[in-house]
>>> print(open('start_27.cif').read())   # mmCIF, C-alpha atoms
data_query
#
loop_
_atom_site.group_PDB
_atom_site.id
_atom_site.type_symbol
_atom_site.label_atom_id
_atom_site.label_comp_id
_atom_site.auth_asym_id
_atom_site.auth_seq_id
_atom_site.Cartn_x
_atom_site.Cartn_y
_atom_site.Cartn_z
ATOM 1 C CA MET A 1 64.025 49.041 -98.843
ATOM 2 C CA PHE A 2 65.729 52.320 -97.904
ATOM 3 C CA SER A 3 67.312 53.098 -94.537
ATOM 4 C CA LEU A 4 68.333 56.525 -93.255
ATOM 5 C CA ILE A 5 70.524 56.842 -90.146
ATOM 6 C CA ILE A 6 70.474 60.081 -88.152
ATOM 7 C CA PRO A 7 72.415 60.429 -84.865
ATOM 8 C CA VAL A 8 70.914 62.969 -82.468
ATOM 9 C CA TYR A 9 72.209 64.385 -79.203
ATOM 10 C CA ASN A 10 70.172 66.953 -77.261
ATOM 11 C CA GLU A 11 68.387 68.172 -80.391
ATOM 12 C CA SER A 12 64.950 68.783 -78.869
ATOM 13 C CA GLN A 13 64.716 72.249 -80.443
ATOM 14 C CA LEU A 14 64.790 70.941 -84.007
ATOM 15 C CA ILE A 15 63.366 67.392 -83.807
ATOM 16 C CA ASP A 16 59.984 68.451 -85.190
ATOM 17 C CA ASP A 17 61.525 70.223 -88.199
ATOM 18 C CA LEU A 18 64.005 67.376 -88.705
ATOM 19 C CA VAL A 19 61.355 64.648 -88.789
ATOM 20 C CA ALA A 20 59.009 66.659 -91.011
ATOM 21 C CA ARG A 21 61.669 67.469 -93.608
ATOM 22 C CA VAL A 22 63.197 63.989 -93.599
ATOM 23 C CA VAL A 23 59.867 62.165 -93.991
ATOM 24 C CA ALA A 24 58.768 64.514 -96.777
ATOM 25 C CA ALA A 25 62.093 64.091 -98.602
ATOM 26 C CA VAL A 26 62.246 60.288 -98.314
ATOM 27 C CA LYS A 27 58.635 59.808 -99.467
ATOM 28 C CA THR A 28 59.494 61.432 -102.818
ATOM 29 C CA PHE A 29 61.659 58.479 -103.898
ATOM 30 C CA ALA A 30 61.199 55.532 -101.494
ATOM 31 C CA GLY A 31 58.013 53.602 -100.886
ATOM 32 C CA ASP A 32 59.446 51.212 -98.316
ATOM 33 C CA TYR A 33 61.788 52.899 -95.857
ATOM 34 C CA GLU A 34 62.958 53.114 -92.251
ATOM 35 C CA LEU A 35 64.298 56.103 -90.343
ATOM 36 C CA LEU A 36 66.806 55.106 -87.660
ATOM 37 C CA PHE A 37 67.348 57.862 -85.131
ATOM 38 C CA VAL A 38 70.310 57.003 -82.908
ATOM 39 C CA ASP A 39 70.017 58.816 -79.578
ATOM 40 C CA ASP A 40 73.609 59.316 -78.438
ATOM 41 C CA GLY A 41 72.851 59.671 -74.725
ATOM 42 C CA SER A 42 70.624 62.765 -74.854
ATOM 43 C CA THR A 43 69.717 64.367 -71.521
ATOM 44 C CA ASP A 44 66.863 66.567 -72.794
ATOM 45 C CA THR A 45 63.480 65.606 -74.292
ATOM 46 C CA THR A 46 64.870 64.401 -77.640
ATOM 47 C CA VAL A 47 63.777 60.782 -77.151
ATOM 48 C CA GLU A 48 60.330 61.722 -75.885
ATOM 49 C CA GLN A 49 59.706 63.874 -78.950
ATOM 50 C CA LEU A 50 60.886 61.106 -81.268
ATOM 51 C CA LEU A 51 58.541 58.661 -79.531
ATOM 52 C CA LYS A 52 55.606 60.998 -80.204
ATOM 53 C CA HIS A 53 56.503 61.086 -83.887
ATOM 54 C CA ARG A 54 56.814 57.298 -83.876
ATOM 55 C CA LEU A 55 53.176 57.060 -82.747
ATOM 56 C CA GLN A 56 52.249 58.707 -86.050
ATOM 57 C CA ASN A 57 54.833 56.946 -88.233
ATOM 58 C CA LYS A 58 55.881 53.362 -87.427
ATOM 59 C CA LYS A 59 58.726 53.594 -89.942
ATOM 60 C CA ILE A 60 60.597 55.664 -87.351
ATOM 61 C CA LYS A 61 62.876 53.554 -85.167
ATOM 62 C CA ILE A 62 64.872 54.833 -82.214
ATOM 63 C CA ILE A 63 68.115 53.315 -80.954
ATOM 64 C CA SER A 64 68.995 54.706 -77.514
ATOM 65 C CA LEU A 65 72.645 54.300 -76.528
ATOM 66 C CA SER A 66 73.558 53.884 -72.868
ATOM 67 C CA LYS A 67 75.593 57.125 -72.869
ATOM 68 C CA ASN A 68 77.218 59.612 -75.215
ATOM 69 C CA PHE A 69 79.713 57.528 -77.213
ATOM 70 C CA GLY A 70 80.332 60.134 -79.900
ATOM 71 C CA HIS A 71 79.196 60.856 -83.422
ATOM 72 C CA GLN A 72 81.142 58.110 -85.191
ATOM 73 C CA ALA A 73 80.023 55.428 -82.719
ATOM 74 C CA ALA A 74 76.384 56.505 -83.161
ATOM 75 C CA PHE A 75 76.686 56.192 -86.935
ATOM 76 C CA THR A 76 78.225 52.741 -86.473
ATOM 77 C CA ALA A 77 75.288 51.642 -84.311
ATOM 78 C CA GLY A 78 72.828 52.792 -86.943
ATOM 79 C CA LEU A 79 74.694 51.144 -89.811
ATOM 80 C CA GLU A 80 74.850 47.821 -87.975
ATOM 81 C CA HIS A 81 71.087 47.838 -87.374
ATOM 82 C CA ALA A 82 69.980 49.126 -90.783
ATOM 83 C CA THR A 83 68.034 46.614 -92.885
ATOM 84 C CA GLY A 84 67.745 48.544 -96.145
ATOM 85 C CA ASP A 85 69.153 47.597 -99.530
ATOM 86 C CA ILE A 86 70.297 51.208 -99.822
ATOM 87 C CA VAL A 87 71.485 53.004 -96.681
ATOM 88 C CA ALA A 88 72.118 56.709 -96.099
ATOM 89 C CA MET A 89 73.723 58.713 -93.305
ATOM 90 C CA MET A 90 73.135 62.342 -92.382
ATOM 91 C CA ASP A 91 73.727 64.576 -89.387
ATOM 92 C CA GLY A 92 70.782 65.540 -87.211
ATOM 93 C CA ASP A 93 71.349 69.298 -87.212
ATOM 94 C CA LEU A 94 69.751 69.945 -90.648
ATOM 95 C CA GLN A 95 72.949 71.460 -91.999
ATOM 96 C CA ASP A 96 72.882 68.674 -94.584
ATOM 97 C CA PRO A 97 69.613 69.140 -96.545
ATOM 98 C CA PRO A 98 67.515 65.932 -96.596
ATOM 99 C CA GLU A 99 66.009 67.104 -99.904
ATOM 100 C CA LEU A 100 69.327 66.120 -101.507
ATOM 101 C CA LEU A 101 68.713 62.436 -100.700
ATOM 102 C CA ALA A 102 66.549 62.022 -103.820
ATOM 103 C CA GLU A 103 69.469 63.050 -106.052
ATOM 104 C CA MET A 104 71.802 60.632 -104.248
ATOM 105 C CA TYR A 105 69.235 57.848 -104.604
ATOM 106 C CA ALA A 106 68.946 58.489 -108.338
ATOM 107 C CA LYS A 107 72.712 58.305 -108.787
ATOM 108 C CA ILE A 108 72.758 54.863 -107.147
ATOM 109 C CA THR A 109 69.648 53.377 -108.751
ATOM 110 C CA LYS A 110 69.961 54.937 -112.230
ATOM 111 C CA GLU A 111 73.639 55.759 -112.744
ATOM 112 C CA GLY A 112 75.165 52.683 -111.136
ATOM 113 C CA TYR A 113 77.118 54.248 -108.273
ATOM 114 C CA ASP A 114 77.759 52.178 -105.136
ATOM 115 C CA ILE A 115 78.507 55.141 -102.872
ATOM 116 C CA VAL A 116 77.437 58.759 -103.236
ATOM 117 C CA SER A 117 78.823 61.409 -100.872
ATOM 118 C CA GLY A 118 77.715 64.977 -100.338
ATOM 119 C CA LYS A 119 80.490 67.358 -101.387
ATOM 120 C CA ARG A 120 80.370 70.755 -99.729
ATOM 121 C CA THR A 121 81.058 73.532 -102.223
ATOM 122 C CA GLY A 122 80.356 76.242 -99.675
ATOM 123 C CA ARG A 123 78.854 77.070 -96.312
ATOM 124 C CA LYS A 124 76.233 79.585 -95.302
ATOM 125 C CA GLY A 125 77.483 81.962 -92.652
ATOM 126 C CA LYS A 126 81.053 82.873 -91.780
ATOM 127 C CA ASN A 127 82.759 81.869 -88.557
ATOM 128 C CA HIS A 128 85.986 80.425 -87.237
ATOM 129 C CA ARG A 129 84.608 76.866 -87.445
ATOM 130 C CA THR A 130 84.294 77.254 -91.213
ATOM 131 C CA PHE A 131 87.964 78.203 -91.446
ATOM 132 C CA TYR A 132 89.078 75.284 -89.254
ATOM 133 C CA THR A 133 87.005 72.836 -91.302
ATOM 134 C CA PHE A 134 88.423 74.205 -94.562
ATOM 135 C CA LEU A 135 91.950 73.927 -93.159
ATOM 136 C CA PHE A 136 91.409 70.299 -92.106
ATOM 137 C CA HIS A 137 90.027 69.211 -95.480
ATOM 138 C CA LEU A 138 92.863 70.997 -97.282
ATOM 139 C CA LEU A 139 95.439 69.267 -95.078
ATOM 140 C CA PHE A 140 93.787 65.847 -95.210
ATOM 141 C CA LYS A 141 93.436 66.024 -98.986
ATOM 142 C CA ASN A 142 97.206 66.307 -99.346
ATOM 143 C CA ILE A 143 98.396 63.878 -96.670
ATOM 144 C CA GLY A 144 95.546 61.382 -96.226
ATOM 145 C CA GLY A 145 96.268 59.332 -99.343
ATOM 146 C CA LEU A 146 92.536 58.759 -99.987
ATOM 147 C CA GLU A 147 90.411 59.730 -102.969
ATOM 148 C CA ASN A 148 86.954 61.359 -102.919
ATOM 149 C CA MET A 149 87.700 63.006 -99.583
ATOM 150 C CA GLU A 150 87.742 66.701 -100.443
ATOM 151 C CA ASN A 151 85.035 68.535 -98.439
ATOM 152 C CA ALA A 152 83.131 65.284 -97.848
ATOM 153 C CA GLY A 153 81.606 64.562 -94.458
ATOM 154 C CA ASN A 154 79.186 61.998 -93.057
ATOM 155 C CA PHE A 155 76.349 62.879 -95.464
ATOM 156 C CA SER A 156 76.293 59.928 -97.872
ATOM 157 C CA MET A 157 74.387 56.974 -99.327
ATOM 158 C CA MET A 158 75.548 53.477 -100.250
ATOM 159 C CA THR A 159 74.382 50.086 -101.442
ATOM 160 C CA ARG A 160 74.119 47.029 -99.189
ATOM 161 C CA GLU A 161 77.307 45.584 -100.738
ATOM 162 C CA ALA A 162 79.277 48.717 -99.931
ATOM 163 C CA LEU A 163 77.794 48.792 -96.423
ATOM 164 C CA GLN A 164 78.895 45.206 -95.771
ATOM 165 C CA ALA A 165 82.420 46.138 -96.801
ATOM 166 C CA LEU A 166 82.331 49.181 -94.512
ATOM 167 C CA LEU A 167 81.072 47.136 -91.557
ATOM 168 C CA SER A 168 83.874 44.608 -92.056
ATOM 169 C CA LEU A 169 86.315 47.293 -90.844
ATOM 170 C CA LYS A 170 86.462 46.784 -87.099
ATOM 171 C CA GLU A 171 88.856 49.455 -85.797
ATOM 172 C CA LYS A 172 87.751 51.214 -82.618
ATOM 173 C CA VAL A 173 88.986 54.704 -83.538
ATOM 174 C CA ARG A 174 86.733 55.482 -86.484
ATOM 175 C CA TYR A 175 86.475 58.250 -89.056
ATOM 176 C CA MET A 176 83.541 57.366 -91.301
ATOM 177 C CA PRO A 177 84.380 59.523 -94.334
ATOM 178 C CA GLY A 178 87.865 57.998 -94.435
ATOM 179 C CA LEU A 179 86.586 54.436 -94.050
ATOM 180 C CA ARG A 180 83.993 55.068 -96.738
ATOM 181 C CA SER A 181 86.687 56.228 -99.159
ATOM 182 C CA PHE A 182 89.046 53.394 -98.194
ATOM 183 C CA ILE A 183 86.717 50.549 -99.215
ATOM 184 C CA GLY A 184 86.667 51.662 -102.852
ATOM 185 C CA PHE A 185 83.662 50.717 -105.042
ATOM 186 C CA ASN A 186 82.213 53.085 -107.656
ATOM 187 C CA GLN A 187 81.954 56.400 -105.817
ATOM 188 C CA GLY A 188 80.298 59.634 -106.870
ATOM 189 C CA THR A 189 79.439 62.980 -105.308
ATOM 190 C CA VAL A 190 76.581 65.453 -105.138
ATOM 191 C CA ASP A 191 77.543 69.109 -104.695
ATOM 192 C CA TYR A 192 75.693 71.285 -102.199
ATOM 193 C CA ILE A 193 76.074 74.322 -99.977
ATOM 194 C CA ARG A 194 75.908 73.451 -96.306
ATOM 195 C CA ASP A 195 73.253 75.299 -94.317
ATOM 196 C CA ASP A 196 73.631 77.049 -90.996
ATOM 197 C CA ARG A 197 72.352 75.191 -87.962
ATOM 198 C CA ALA A 198 68.608 75.822 -87.693
ATOM 199 C CA HIS A 199 68.297 75.765 -83.892
ATOM 200 C CA GLY A 200 70.487 75.231 -80.853
ATOM 201 C CA GLU A 201 74.231 75.197 -80.429
ATOM 202 C CA PRO A 202 76.759 72.992 -82.290
ATOM 203 C CA LYS A 203 77.405 69.755 -80.405
ATOM 204 C CA MET A 204 80.900 69.419 -81.877
ATOM 205 C CA SER A 205 83.102 71.782 -79.875
ATOM 206 C CA LEU A 206 86.436 72.913 -81.268
ATOM 207 C CA SER A 207 88.195 70.403 -79.008
ATOM 208 C CA LYS A 208 86.015 67.576 -80.389
ATOM 209 C CA LEU A 209 86.644 68.761 -83.949
ATOM 210 C CA PHE A 210 90.377 68.749 -83.247
ATOM 211 C CA ALA A 211 90.155 65.235 -81.770
ATOM 212 C CA LEU A 212 88.242 64.037 -84.851
ATOM 213 C CA ALA A 213 90.862 65.603 -87.107
ATOM 214 C CA THR A 214 93.701 63.845 -85.275
ATOM 215 C CA ASP A 215 91.805 60.540 -85.471
ATOM 216 C CA ALA A 216 91.452 61.007 -89.220
ATOM 217 C CA ILE A 217 95.098 61.912 -89.788
ATOM 218 C CA PHE A 218 96.604 59.245 -87.546
ATOM 219 C CA SER A 219 94.250 56.559 -88.904
ATOM 220 C CA PHE A 220 94.829 57.166 -92.605
ATOM 221 C CA SER A 221 98.184 58.902 -93.004
ATOM 222 C CA ARG A 222 101.855 58.131 -92.453
ATOM 223 C CA PHE A 223 102.578 61.849 -92.472
ATOM 224 C CA PRO A 224 103.092 62.286 -88.683
ATOM 225 C CA ILE A 225 105.689 59.527 -88.435
ATOM 226 C CA ARG A 226 107.358 60.672 -91.660
ATOM 227 C CA LEU A 227 107.481 64.187 -90.254
ATOM 228 C CA CYS A 228 109.546 62.795 -87.380
ATOM 229 C CA LEU A 229 111.939 61.231 -89.882
ATOM 230 C CA TRP A 230 112.229 64.439 -91.921
ATOM 231 C CA LEU A 231 112.790 66.667 -88.909
ATOM 232 C CA GLY A 232 115.293 64.225 -87.448
ATOM 233 C CA SER A 233 117.188 64.069 -90.739
ATOM 234 C CA VAL A 234 117.249 67.849 -91.132
ATOM 235 C CA GLY A 235 118.333 68.301 -87.529
ATOM 236 C CA THR A 236 121.114 65.743 -87.959
ATOM 237 C CA ILE A 237 122.437 67.485 -91.083
ATOM 238 C CA VAL A 238 122.245 70.959 -89.525
ATOM 239 C CA PHE A 239 124.096 69.976 -86.378
ATOM 240 C CA LEU A 240 126.641 67.920 -88.349
ATOM 241 C CA LEU A 241 127.481 71.060 -90.317
ATOM 242 C CA ALA A 242 127.512 73.076 -87.101
ATOM 243 C CA GLY A 243 129.932 70.550 -85.580
ATOM 244 C CA ILE A 244 132.250 70.847 -88.578
ATOM 245 C CA TYR A 245 132.088 74.641 -88.284
ATOM 246 C CA VAL A 246 132.995 74.546 -84.579
ATOM 247 C CA LEU A 247 135.846 72.101 -85.263
ATOM 248 C CA VAL A 248 137.287 74.382 -87.951
ATOM 249 C CA GLU A 249 136.982 77.345 -85.592
ATOM 250 C CA LYS A 250 138.935 75.424 -82.961
ATOM 251 C CA ILE A 251 141.660 74.454 -85.409
ATOM 252 C CA LEU A 252 142.028 78.078 -86.510
ATOM 253 C CA GLY A 253 142.289 79.155 -82.883
ATOM 254 C CA LEU A 254 139.103 81.187 -82.841
ATOM 255 C CA ALA A 255 137.292 80.828 -79.532
ATOM 256 C CA VAL A 256 133.564 80.291 -79.477
ATOM 257 C CA LEU A 257 132.066 83.091 -77.403
ATOM 258 C CA GLY A 258 129.336 82.371 -74.863
ATOM 259 C CA TRP A 259 127.034 79.430 -74.238
ATOM 260 C CA SER A 260 123.953 80.678 -76.077
ATOM 261 C CA SER A 261 124.525 78.418 -79.082
ATOM 262 C CA THR A 262 124.893 75.397 -76.812
ATOM 263 C CA LEU A 263 121.718 76.194 -74.860
ATOM 264 C CA LEU A 264 119.735 76.837 -78.020
ATOM 265 C CA SER A 265 120.893 73.507 -79.425
ATOM 266 C CA ILE A 266 119.857 71.679 -76.269
ATOM 267 C CA TYR A 267 116.439 73.347 -76.198
ATOM 268 C CA PHE A 268 115.904 72.685 -79.902
ATOM 269 C CA LEU A 269 116.784 69.007 -79.656
ATOM 270 C CA GLY A 270 114.744 68.630 -76.481
ATOM 271 C CA SER A 271 111.666 70.145 -78.143
ATOM 272 C CA ILE A 272 112.058 67.915 -81.203
ATOM 273 C CA GLN A 273 112.315 64.842 -78.973
ATOM 274 C CA LEU A 274 109.141 65.816 -77.098
ATOM 275 C CA ILE A 275 107.282 66.232 -80.408
ATOM 276 C CA PHE A 276 108.504 62.812 -81.503
ATOM 277 C CA LEU A 277 107.397 61.251 -78.211
ATOM 278 C CA GLY A 278 103.965 62.845 -78.563
ATOM 279 C CA ILE A 279 103.505 61.506 -82.095
ATOM 280 C CA VAL A 280 104.721 58.036 -81.178
ATOM 281 C CA GLY A 281 102.474 58.185 -78.100
ATOM 282 C CA GLU A 282 99.441 58.832 -80.321
ATOM 283 C CA TYR A 283 100.180 55.681 -82.307
ATOM 284 C CA VAL A 284 100.817 53.659 -79.131
ATOM 285 C CA PHE A 285 97.513 54.876 -77.665
ATOM 286 C CA ARG A 286 95.644 53.775 -80.776
ATOM 287 C CA ILE A 287 97.335 50.378 -80.689
ATOM 288 C CA TYR A 288 96.304 50.099 -77.034
ATOM 289 C CA LYS A 289 92.685 51.014 -77.868
ATOM 290 C CA GLU A 290 92.568 48.344 -80.552
ATOM 291 C CA SER A 291 94.122 45.704 -78.265
ATOM 292 C CA GLN A 292 91.471 46.361 -75.593
ATOM 293 C CA ASN A 293 88.821 45.295 -78.116
ATOM 294 C CA ARG A 294 86.040 47.049 -76.226
ATOM 295 C CA PRO A 295 82.654 47.495 -77.940
ATOM 296 C CA ILE A 296 82.273 50.816 -79.727
ATOM 297 C CA TYR A 297 78.872 51.419 -78.106
ATOM 298 C CA PHE A 298 76.224 49.889 -75.818
ATOM 299 C CA ILE A 299 72.501 50.026 -76.539
ATOM 300 C CA ARG A 300 70.099 50.874 -73.724
ATOM 301 C CA LYS A 301 66.918 50.282 -75.692
ATOM 302 C CA ILE A 302 65.619 49.921 -79.244
ATOM 303 C CA HIS A 303 62.150 51.357 -79.838
ATOM 304 C CA GLU A 304 60.646 49.214 -82.583
ATOM 305 C CA GLU A 305 57.434 47.864 -81.102
ATOM 306 C CA GLU A 306 54.303 49.723 -80.028
ATOM 307 C CA THR A 307 55.370 52.577 -77.790
ATOM 308 C CA LYS A 308 53.376 54.678 -75.362
ATOM 309 C CA VAL A 309 54.624 58.078 -74.239
#
>>> encode(input="start_27.cif", output="structure tokens")
Amino acid sequence: MFSLIIPVYNESQLIDDLVARVVAAVKTFAGDYELLFVDDGSTDTTVEQLLKHRLQNKKIKIISLSKNFGHQAAFTAGLEHATGDIVAMMDGDLQDPPELLAEMYAKITKEGYDIVSGKRTGRKGKNHRTFYTFLFHLLFKNIGGLENMENAGNFSMMTREALQALLSLKEKVRYMPGLRSFIGFNQGTVDYIRDDRAHGEPKMSLSKLFALATDAIFSFSRFPIRLCLWLGSVGTIVFLLAGIYVLVEKILGLAVLGWSSTLLSIYFLGSIQLIFLGIVGEYVFRIYKESQNRPIYFIRKIHEEETKV
């Protein structure tokens, strides 16, 4: 049994292409399968179009969330409701080619891998989002402390055993690629060049991409809090030396001219303290989110039985 999870949000322009390509790709290697489309609170005709496709193919299941909970929450909902022995995740914008699923499946069933992730070796098209994504992966590779993370996103496949380990992680602020790397197991990759979006506009704005990046860094790295320690240590040493310099100047009878050095010192220390407070505040906020223990998502309806449009 093979399960494929695809979150969708206002993707009415490409649903037909998405379903056609996914079904054709999955049929090449899986006889028994299910396609779980997780509607993340769409406000267009995405669900209606999926229901029409479900009339033709009962292996399509639709999980409608009560509102837009975000990409990572939608993936979590799909993973928790998947019944397959092998489970895959892919985005619903067709930037990750579904035709690559057969190669991932072969690596798990024939080569003994537990988890196979799509590794992006390039991207079609050039824009500022490509640069920001490259910058994030470069930064996270060096400070995240996790293996198999370079240029890897949500596009992946795993065995039931690996999925159970992944679902045992219950944090509320989630970054799936990081969690997938954290659980270990025998992990492999499949290289590919990421396509341009076929239709519509990207649903991940730059602000959402930045929020996802901060979630990833604060969830898996001690770098931010260590940065506070390093900056504080450097600042302490610099101003200790400056204090010694001023003391020597006083002993030698040389007057310190003006107040600019004093004001600059105050502004510098004040800025450093605000940065520290912001970093500590990020950790406190995440502790608060975990202590609330709210569900990651709510389901409005699951379309599994006979459905009429």
>>> atom_distance(input="start_27.cif", atom1="CA of Gln56 (chain A)", atom2="CA of Leu163 (chain A)")
29.3 Å
>>> closest_residue(input="start_27.cif", among="A:Pro97, A:Phe185, A:Asp17, A:Glu304", to="Leu36 (chain A)", atoms="all atoms listed in the file")
A:Glu304
>>> resolve_selection(input="start_27.cif", expression="the PyMOL selection byres ((chain A and resi 79) around 12)", output="VMD selection string")
chain A and resid 3 to 7 35 to 38 63 72 to 78 80 to 90 157 to 160 162 to 168 176
>>> closest_residue(input="start_27.cif", among="A:Cys228, A:Ala30, A:Thr43, A:Ser64", to="Ile279 (chain A)", atoms="only C-alpha atoms")
A:Cys228
>>> resolve_selection(input="start_27.cif", expression="the PyMOL selection byres ((chain A and resi 301) around 10)", output="mmCIF file with C-alpha atoms, in the coordinates of the input")
data_model
loop_
_atom_site.group_PDB
_atom_site.id
_atom_site.type_symbol
_atom_site.label_atom_id
_atom_site.label_comp_id
_atom_site.auth_asym_id
_atom_site.auth_seq_id
_atom_site.Cartn_x
_atom_site.Cartn_y
_atom_site.Cartn_z
ATOM 1 C CA ASP A 39 70.017 58.816 -79.578
ATOM 2 C CA ILE A 62 64.872 54.833 -82.214
ATOM 3 C CA ILE A 63 68.115 53.315 -80.954
ATOM 4 C CA SER A 64 68.995 54.706 -77.514
ATOM 5 C CA LEU A 65 72.645 54.300 -76.528
ATOM 6 C CA SER A 66 73.558 53.884 -72.868
ATOM 7 C CA PHE A 298 76.224 49.889 -75.818
ATOM 8 C CA ILE A 299 72.501 50.026 -76.539
ATOM 9 C CA ARG A 300 70.099 50.874 -73.724
ATOM 10 C CA ILE A 302 65.619 49.921 -79.244
ATOM 11 C CA HIS A 303 62.150 51.357 -79.838
ATOM 12 C CA GLU A 304 60.646 49.214 -82.583
#
>>> closest_residue(input="start_27.cif", among="A:Ser181, A:Gln187, A:Asn68, A:Asn154", to="Val116 (chain A)", atoms="all atoms listed in the file")
A:Gln187
>>> atom_distance(input="start_27.cif", atom1="CA of Leu51 (chain A)", atom2="CA of Val8 (chain A)")
13.4 Å
>>> resolve_selection(input="start_27.cif", expression="the PyMOL selection byres ((chain A and resi 53) around 12)", output="ChimeraX atom specification")
/A:15-20,23,35,37,46-52,54-62,303,307-309
>>> write_last_selection(input="start_27.cif", atoms="C-alpha atoms", output="PDB file, in the frame of the given file")
ATOM      1  CA  ILE A  15      63.366  67.392 -83.807  1.00  0.00           C
ATOM      2  CA  ASP A  16      59.984  68.451 -85.190  1.00  0.00           C
ATOM      3  CA  ASP A  17      61.525  70.223 -88.199  1.00  0.00           C
ATOM      4  CA  LEU A  18      64.005  67.376 -88.705  1.00  0.00           C
ATOM      5  CA  VAL A  19      61.355  64.648 -88.789  1.00  0.00           C
ATOM      6  CA  ALA A  20      59.009  66.659 -91.011  1.00  0.00           C
ATOM      7  CA  VAL A  23      59.867  62.165 -93.991  1.00  0.00           C
ATOM      8  CA  LEU A  35      64.298  56.103 -90.343  1.00  0.00           C
ATOM      9  CA  PHE A  37      67.348  57.862 -85.131  1.00  0.00           C
ATOM     10  CA  THR A  46      64.870  64.401 -77.640  1.00  0.00           C
ATOM     11  CA  VAL A  47      63.777  60.782 -77.151  1.00  0.00           C
ATOM     12  CA  GLU A  48      60.330  61.722 -75.885  1.00  0.00           C
ATOM     13  CA  GLN A  49      59.706  63.874 -78.950  1.00  0.00           C
ATOM     14  CA  LEU A  50      60.886  61.106 -81.268  1.00  0.00           C
ATOM     15  CA  LEU A  51      58.541  58.661 -79.531  1.00  0.00           C
ATOM     16  CA  LYS A  52      55.606  60.998 -80.204  1.00  0.00           C
ATOM     17  CA  ARG A  54      56.814  57.298 -83.876  1.00  0.00           C
ATOM     18  CA  LEU A  55      53.176  57.060 -82.747  1.00  0.00           C
ATOM     19  CA  GLN A  56      52.249  58.707 -86.050  1.00  0.00           C
ATOM     20  CA  ASN A  57      54.833  56.946 -88.233  1.00  0.00           C
ATOM     21  CA  LYS A  58      55.881  53.362 -87.427  1.00  0.00           C
ATOM     22  CA  LYS A  59      58.726  53.594 -89.942  1.00  0.00           C
ATOM     23  CA  ILE A  60      60.597  55.664 -87.351  1.00  0.00           C
ATOM     24  CA  LYS A  61      62.876  53.554 -85.167  1.00  0.00           C
ATOM     25  CA  ILE A  62      64.872  54.833 -82.214  1.00  0.00           C
ATOM     26  CA  HIS A 303      62.150  51.357 -79.838  1.00  0.00           C
ATOM     27  CA  THR A 307      55.370  52.577 -77.790  1.00  0.00           C
ATOM     28  CA  LYS A 308      53.376  54.678 -75.362  1.00  0.00           C
ATOM     29  CA  VAL A 309      54.624  58.078 -74.239  1.00  0.00           C
TER      30      VAL A 309
END
>>> atom_distance(input="start_27.cif", atom1="CA of Arg286 (chain A)", atom2="CA of Ile183 (chain A)")
20.7 Å
>>> residues_around(input="start_27.cif", residues="Lys172 (chain A)", least_positions_apart="5", cutoff="12 Å", atoms="only C-alpha atoms", output="ChimeraX atom specification")
/A:69-70,72-73,76,167,179,215,219,285-297
>>> closest_residue(input="start_27.cif", among="A:Ser271, A:Ser156, A:Thr236, A:Thr45", to="Glu103 (chain A)", atoms="all atoms listed in the file")
A:Ser156
>>> residues_around(input="start_27.cif", residues="Val22 (chain A)", least_positions_apart="4", cutoff="8 Å", atoms="only C-alpha atoms", output="PyMOL selection string")
chain A and resi 18+26+98-99
>>> residues_around(input="start_27.cif", residues="Gly31 (chain A)", least_positions_apart="3", cutoff="9 Å", atoms="all atoms listed in the file", output="mmCIF file with C-alpha atoms, in the frame of the given file")
data_model
loop_
_atom_site.group_PDB
_atom_site.id
_atom_site.type_symbol
_atom_site.label_atom_id
_atom_site.label_comp_id
_atom_site.auth_asym_id
_atom_site.auth_seq_id
_atom_site.Cartn_x
_atom_site.Cartn_y
_atom_site.Cartn_z
ATOM 1 C CA MET A 1 64.025 49.041 -98.843
ATOM 2 C CA PHE A 2 65.729 52.320 -97.904
ATOM 3 C CA VAL A 26 62.246 60.288 -98.314
ATOM 4 C CA LYS A 27 58.635 59.808 -99.467
ATOM 5 C CA THR A 28 59.494 61.432 -102.818
#
>>> residues_around(input="start_27.cif", residues="Tyr113 (chain A)", least_positions_apart="3", cutoff="8 Å", atoms="all atoms listed in the file", output="VMD selection string")
chain A and resid 107 to 109 116 186 to 188
>>> closest_residue(input="start_27.cif", among="A:Asp195, A:Glu11, A:Glu171, A:Glu161", to="Gln95 (chain A)", atoms="all atoms listed in the file")
A:Asp195
>>> build_atoms(input="start_27.cif", residues="region 158-164 of chain A", atoms="N, CA and C atoms", output="compact mmCIF listing (two decimals), keeping the file's coordinate frame")
# COMPACT_ATOMS: atom_id res chain seq x y z
N MET A 158 74.80 54.61 -99.70
CA MET A 158 75.55 53.48 -100.25
C MET A 158 74.65 52.26 -100.41
N THR A 159 75.10 51.34 -101.24
CA THR A 159 74.38 50.09 -101.44
C THR A 159 74.69 49.12 -100.30
N ARG A 160 73.91 48.05 -100.22
CA ARG A 160 74.12 47.03 -99.19
C ARG A 160 75.50 46.40 -99.32
N GLU A 161 75.98 46.19 -100.54
CA GLU A 161 77.31 45.58 -100.74
C GLU A 161 78.41 46.49 -100.19
N ALA A 162 78.29 47.78 -100.45
CA ALA A 162 79.28 48.72 -99.93
C ALA A 162 79.19 48.80 -98.41
N LEU A 163 77.98 48.75 -97.88
CA LEU A 163 77.79 48.79 -96.42
C LEU A 163 78.44 47.58 -95.76
N GLN A 164 78.28 46.40 -96.35
CA GLN A 164 78.90 45.21 -95.77
C GLN A 164 80.41 45.33 -95.74
